[in-house]
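Colleague: Take a look at query07.cif, mmCIF, C-alpha atoms; chains and numbers go by the auth columns:
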```cif
data_work
loop_
_atom_site.group_PDB
_atom_site.id
_atom_site.type_symbol
_atom_site.label_atom_id
_atom_site.label_comp_id
_atom_site.label_asym_id
_atom_site.label_seq_id
_atom_site.Cartn_x
_atom_site.Cartn_y
_atom_site.Cartn_z
_atom_site.B_iso_or_equiv
_atom_site.auth_seq_id
_atom_site.auth_asym_id
ATOM 1 C CA MET A 1 8.655 7.747 6.358 0.00 449 A
ATOM 2 C CA ASP A 2 10.599 8.219 3.114 0.00 450 A
ATOM 3 C CA ARG A 3 12.247 4.787 3.541 0.00 451 A
ATOM 4 C CA LYS A 4 8.866 3.170 4.185 0.00 452 A
ATOM 5 C CA ILE A 5 7.353 4.774 1.082 0.00 453 A
ATOM 6 C CA ASN A 6 10.314 3.742 -1.106 0.00 454 A
ATOM 7 C CA ALA A 7 10.131 0.161 0.195 0.00 455 A
ATOM 8 C CA VAL A 8 6.410 -0.124 -0.529 0.00 456 A
ATOM 9 C CA ILE A 9 6.734 1.301 -4.034 0.00 457 A
ATOM 10 C CA SER A 10 9.706 -0.917 -4.909 0.00 458 A
ATOM 11 C CA SER A 11 8.525 -4.208 -3.388 0.00 459 A
ATOM 12 C CA GLY A 12 4.849 -3.823 -2.441 0.00 460 A
ATOM 13 C CA THR A 13 1.771 -5.193 -4.137 0.00 461 A
ATOM 14 C CA GLU A 14 -0.347 -3.067 -6.484 0.00 462 A
ATOM 15 C CA ASN A 15 -3.473 -2.163 -4.559 0.00 463 A
ATOM 16 C CA GLY A 16 -5.863 -1.264 -7.377 0.00 464 A
ATOM 17 C CA ARG A 17 -6.070 2.329 -6.161 0.00 465 A
ATOM 18 C CA GLY A 18 -3.212 3.583 -8.280 0.00 466 A
ATOM 19 C CA GLY A 19 -0.555 2.731 -5.719 0.00 467 A
ATOM 20 C CA TYR A 20 1.108 -0.030 -3.697 0.00 468 A
ATOM 21 C CA SER A 21 0.499 -1.722 -0.348 0.00 469 A
ATOM 22 C CA THR A 22 2.245 -4.072 2.061 0.00 470 A
ATOM 23 C CA TYR A 23 0.465 -6.881 3.908 0.00 471 A
ATOM 24 C CA THR A 24 1.164 -9.113 6.892 0.00 472 A
ATOM 25 C CA ILE A 25 2.117 -12.746 6.270 0.00 473 A
ATOM 26 C CA GLN A 26 -0.898 -14.355 7.901 0.00 474 A
ATOM 27 C CA CYS A 27 -4.267 -15.629 6.805 0.00 475 A
ATOM 28 C CA PRO A 28 -6.180 -13.507 6.049 0.00 476 A
ATOM 29 C CA PRO A 29 -3.507 -10.925 5.262 0.00 477 A
ATOM 30 C CA ILE A 30 -3.868 -7.531 6.904 0.00 478 A
ATOM 31 C CA GLU A 31 -2.931 -4.429 4.905 0.00 479 A
ATOM 32 C CA ARG A 32 -0.359 -2.455 6.912 0.00 480 A
ATOM 33 C CA PHE A 33 0.760 0.449 4.717 0.00 481 A
ATOM 34 C CA ARG A 34 -0.680 2.047 1.575 0.00 482 A
ATOM 35 C CA THR A 35 0.517 4.552 -1.008 0.00 483 A
ATOM 36 C CA ILE A 36 -1.614 6.212 -3.667 0.00 484 A
ATOM 37 C CA ILE A 37 0.153 7.590 -6.712 0.00 485 A
ATOM 38 C CA GLY A 38 -1.175 10.150 -9.160 0.00 486 A
ATOM 39 C CA THR A 39 -2.000 13.791 -8.645 0.00 487 A
ATOM 40 C CA PRO A 40 -3.530 16.357 -10.978 0.00 488 A
ATOM 41 C CA ALA A 41 0.030 17.498 -11.736 0.00 489 A
ATOM 42 C CA GLY A 42 1.227 14.092 -12.986 0.00 490 A
ATOM 43 C CA THR A 43 0.723 10.346 -12.877 0.00 491 A
ATOM 44 C CA ASP A 44 4.023 9.491 -11.156 0.00 492 A
ATOM 45 C CA ASP A 45 3.589 11.841 -8.189 0.00 493 A
ATOM 46 C CA LEU A 46 2.919 10.461 -4.715 0.00 494 A
ATOM 47 C CA LEU A 47 -0.528 11.631 -3.611 0.00 495 A
ATOM 48 C CA THR A 48 -0.564 10.123 -0.108 0.00 496 A
ATOM 49 C CA ALA A 49 0.907 7.370 2.062 0.00 497 A
ATOM 50 C CA TYR A 50 -0.408 6.096 5.381 0.00 498 A
ATOM 51 C CA ASP A 51 -0.641 3.169 7.810 0.00 499 A
ATOM 52 C CA VAL A 52 -3.790 1.056 7.569 0.00 500 A
ATOM 53 C CA ASP A 53 -5.221 -1.919 9.419 0.00 501 A
ATOM 54 C CA ALA A 54 -7.701 -3.565 7.067 0.00 502 A
ATOM 55 C CA THR A 55 -8.264 -7.184 6.038 0.00 503 A
ATOM 56 C CA ALA A 56 -7.516 -7.815 2.373 0.00 504 A
ATOM 57 C CA ALA A 57 -10.837 -8.803 0.820 0.00 505 A
ATOM 58 C CA THR A 58 -9.440 -10.255 -2.421 0.00 506 A
ATOM 59 C CA VAL A 59 -7.090 -12.860 -0.912 0.00 507 A
ATOM 60 C CA ARG A 60 -8.339 -16.304 0.051 0.00 508 A
ATOM 61 C CA CYS A 61 -6.672 -18.580 2.565 0.00 509 A
#
```
Would you give me this structure, written as structure tokens?
Modeller:
Amino acid sequence: MDRKINAVISSGTENGRGGYSTYTIQCPPIERFRTIIGTPAGTDDLLTAYDVDATAATVRC
């Protein structure tokens, strides 16, 4: 899980939720993994990371 989180943060797309996400390479893209960064203790802390299966609403084919 640590490798997956590091990969998403270093090469993922900002998801507008204060974190980064990875998407499939298809049309429409499907979000596969999401991180959310920022806790009450600090802005650079990882709050959560999880697998998702949702169609990206902002991307057009």
Colleague: Please enumerate the residues selected by the PyMOL selection byres ((chain A and resi 452) around 12) when evaluated against the supplied file, formatted as a PDB file with C-alpha atoms, keeping the file's coordinate frame.
Modeller:
```
ATOM      1  CA  MET A 449       8.655   7.747   6.358  1.00  0.00           C
ATOM      2  CA  ASP A 450      10.599   8.219   3.114  1.00  0.00           C
ATOM      3  CA  ARG A 451      12.247   4.787   3.541  1.00  0.00           C
ATOM      4  CA  ILE A 453       7.353   4.774   1.082  1.00  0.00           C
ATOM      5  CA  ASN A 454      10.314   3.742  -1.106  1.00  0.00           C
ATOM      6  CA  ALA A 455      10.131   0.161   0.195  1.00  0.00           C
ATOM      7  CA  VAL A 456       6.410  -0.124  -0.529  1.00  0.00           C
ATOM      8  CA  ILE A 457       6.734   1.301  -4.034  1.00  0.00           C
ATOM      9  CA  SER A 458       9.706  -0.917  -4.909  1.00  0.00           C
ATOM     10  CA  SER A 459       8.525  -4.208  -3.388  1.00  0.00           C
ATOM     11  CA  GLY A 460       4.849  -3.823  -2.441  1.00  0.00           C
ATOM     12  CA  TYR A 468       1.108  -0.030  -3.697  1.00  0.00           C
ATOM     13  CA  SER A 469       0.499  -1.722  -0.348  1.00  0.00           C
ATOM     14  CA  THR A 470       2.245  -4.072   2.061  1.00  0.00           C
ATOM     15  CA  ARG A 480      -0.359  -2.455   6.912  1.00  0.00           C
ATOM     16  CA  PHE A 481       0.760   0.449   4.717  1.00  0.00           C
ATOM     17  CA  ARG A 482      -0.680   2.047   1.575  1.00  0.00           C
ATOM     18  CA  THR A 483       0.517   4.552  -1.008  1.00  0.00           C
ATOM     19  CA  ALA A 497       0.907   7.370   2.062  1.00  0.00           C
ATOM     20  CA  TYR A 498      -0.408   6.096   5.381  1.00  0.00           C
ATOM     21  CA  ASP A 499      -0.641   3.169   7.810  1.00  0.00           C
TER      22      ASP A 499
END
```
Colleague: Using all atoms listed in the file, can you tell me which of A:Gly466, A:Ile473, A:Thr461, A:Val500 comes closest to Thr487 of chain A?
Modeller: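 Closest candidate: A:Gly466.
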Colleague: What is the distance between atom CA of Gly467 of chain A and atom CA of Ile485 of chain A, in Å to one decimal?
Modeller: 5.0 Å
Colleague: Which residues, written as a list in words, have at least one atom at most 7 Å from Gly486 of chain A, with only C-alpha atoms counted and residues fewer than 5 positions away on the same chain left out?
Modeller: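 Here the qualifying residues turn out to be Gly466, Thr491, Asp492, Asp493, Leu494 and Leu495 of chain A.
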Colleague: Could I get segment 463-490 of chain A rebuilt with N, CA and C atoms, written as a compact mmCIF listing (two decimals), in the frame of the given file?
Modeller:
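Saved the output as part.txt:
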```
# COMPACT_ATOMS: atom_id res chain seq x y z
N ASN A 463 -2.26 -2.09 -5.36
CA ASN A 463 -3.47 -2.16 -4.56
C ASN A 463 -4.75 -1.80 -5.32
N GLY A 464 -4.68 -1.56 -6.61
CA GLY A 464 -5.86 -1.26 -7.38
C GLY A 464 -6.38 0.15 -7.17
N ARG A 465 -5.68 0.94 -6.41
CA ARG A 465 -6.07 2.33 -6.16
C ARG A 465 -5.05 3.28 -6.78
N GLY A 466 -4.25 2.77 -7.68
CA GLY A 466 -3.21 3.58 -8.28
C GLY A 466 -1.97 3.69 -7.43
N GLY A 467 -1.72 2.70 -6.59
CA GLY A 467 -0.56 2.73 -5.72
C GLY A 467 -0.13 1.33 -5.31
N TYR A 468 0.57 1.23 -4.17
CA TYR A 468 1.11 -0.03 -3.70
C TYR A 468 0.83 -0.18 -2.20
N SER A 469 0.76 -1.43 -1.76
CA SER A 469 0.50 -1.72 -0.35
C SER A 469 1.39 -2.86 0.12
N THR A 470 1.59 -2.92 1.44
CA THR A 470 2.24 -4.07 2.06
C THR A 470 1.24 -4.74 2.98
N TYR A 471 1.39 -6.07 3.13
CA TYR A 471 0.46 -6.88 3.91
C TYR A 471 1.24 -7.75 4.89
N THR A 472 0.57 -8.16 5.96
CA THR A 472 1.16 -9.11 6.89
C THR A 472 1.19 -10.49 6.25
N ILE A 473 2.03 -11.39 6.79
CA ILE A 473 2.12 -12.75 6.27
C ILE A 473 1.31 -13.65 7.20
N GLN A 474 0.01 -13.52 7.12
CA GLN A 474 -0.90 -14.36 7.90
C GLN A 474 -2.15 -14.55 7.07
N CYS A 475 -3.05 -15.36 7.55
CA CYS A 475 -4.27 -15.63 6.80
C CYS A 475 -5.48 -15.27 7.66
N PRO A 476 -6.29 -14.34 7.25
CA PRO A 476 -6.18 -13.51 6.05
C PRO A 476 -5.13 -12.42 6.24
N PRO A 477 -4.51 -11.98 5.16
CA PRO A 477 -3.51 -10.92 5.26
C PRO A 477 -4.15 -9.60 5.68
N ILE A 478 -3.42 -8.84 6.46
CA ILE A 478 -3.87 -7.53 6.90
C ILE A 478 -3.01 -6.47 6.21
N GLU A 479 -3.66 -5.51 5.55
CA GLU A 479 -2.93 -4.43 4.90
C GLU A 479 -2.35 -3.53 5.99
N ARG A 480 -1.04 -3.24 5.89
CA ARG A 480 -0.36 -2.46 6.91
C ARG A 480 -0.01 -1.04 6.46
N PHE A 481 0.33 -0.87 5.19
CA PHE A 481 0.76 0.45 4.72
C PHE A 481 0.32 0.61 3.27
N ARG A 482 -0.15 1.81 2.92
CA ARG A 482 -0.68 2.05 1.58
C ARG A 482 -0.13 3.35 1.02
N THR A 483 0.19 3.33 -0.28
CA THR A 483 0.52 4.55 -1.01
C THR A 483 -0.48 4.70 -2.14
N ILE A 484 -0.77 5.92 -2.51
CA ILE A 484 -1.61 6.21 -3.67
C ILE A 484 -0.83 7.18 -4.53
N ILE A 485 -0.67 6.82 -5.79
CA ILE A 485 0.15 7.59 -6.71
C ILE A 485 -0.74 8.22 -7.77
N GLY A 486 -0.42 9.44 -8.13
CA GLY A 486 -1.18 10.15 -9.16
C GLY A 486 -1.84 11.38 -8.59
N THR A 487 -1.41 12.51 -9.04
CA THR A 487 -2.00 13.79 -8.64
C THR A 487 -2.44 14.51 -9.90
N PRO A 488 -3.17 15.59 -9.77
CA PRO A 488 -3.53 16.36 -10.98
C PRO A 488 -2.31 16.86 -11.75
N ALA A 489 -1.17 17.00 -11.07
CA ALA A 489 0.03 17.50 -11.74
C ALA A 489 0.74 16.42 -12.56
N GLY A 490 0.55 15.15 -12.24
CA GLY A 490 1.23 14.09 -12.99
C GLY A 490 0.88 12.73 -12.46
```
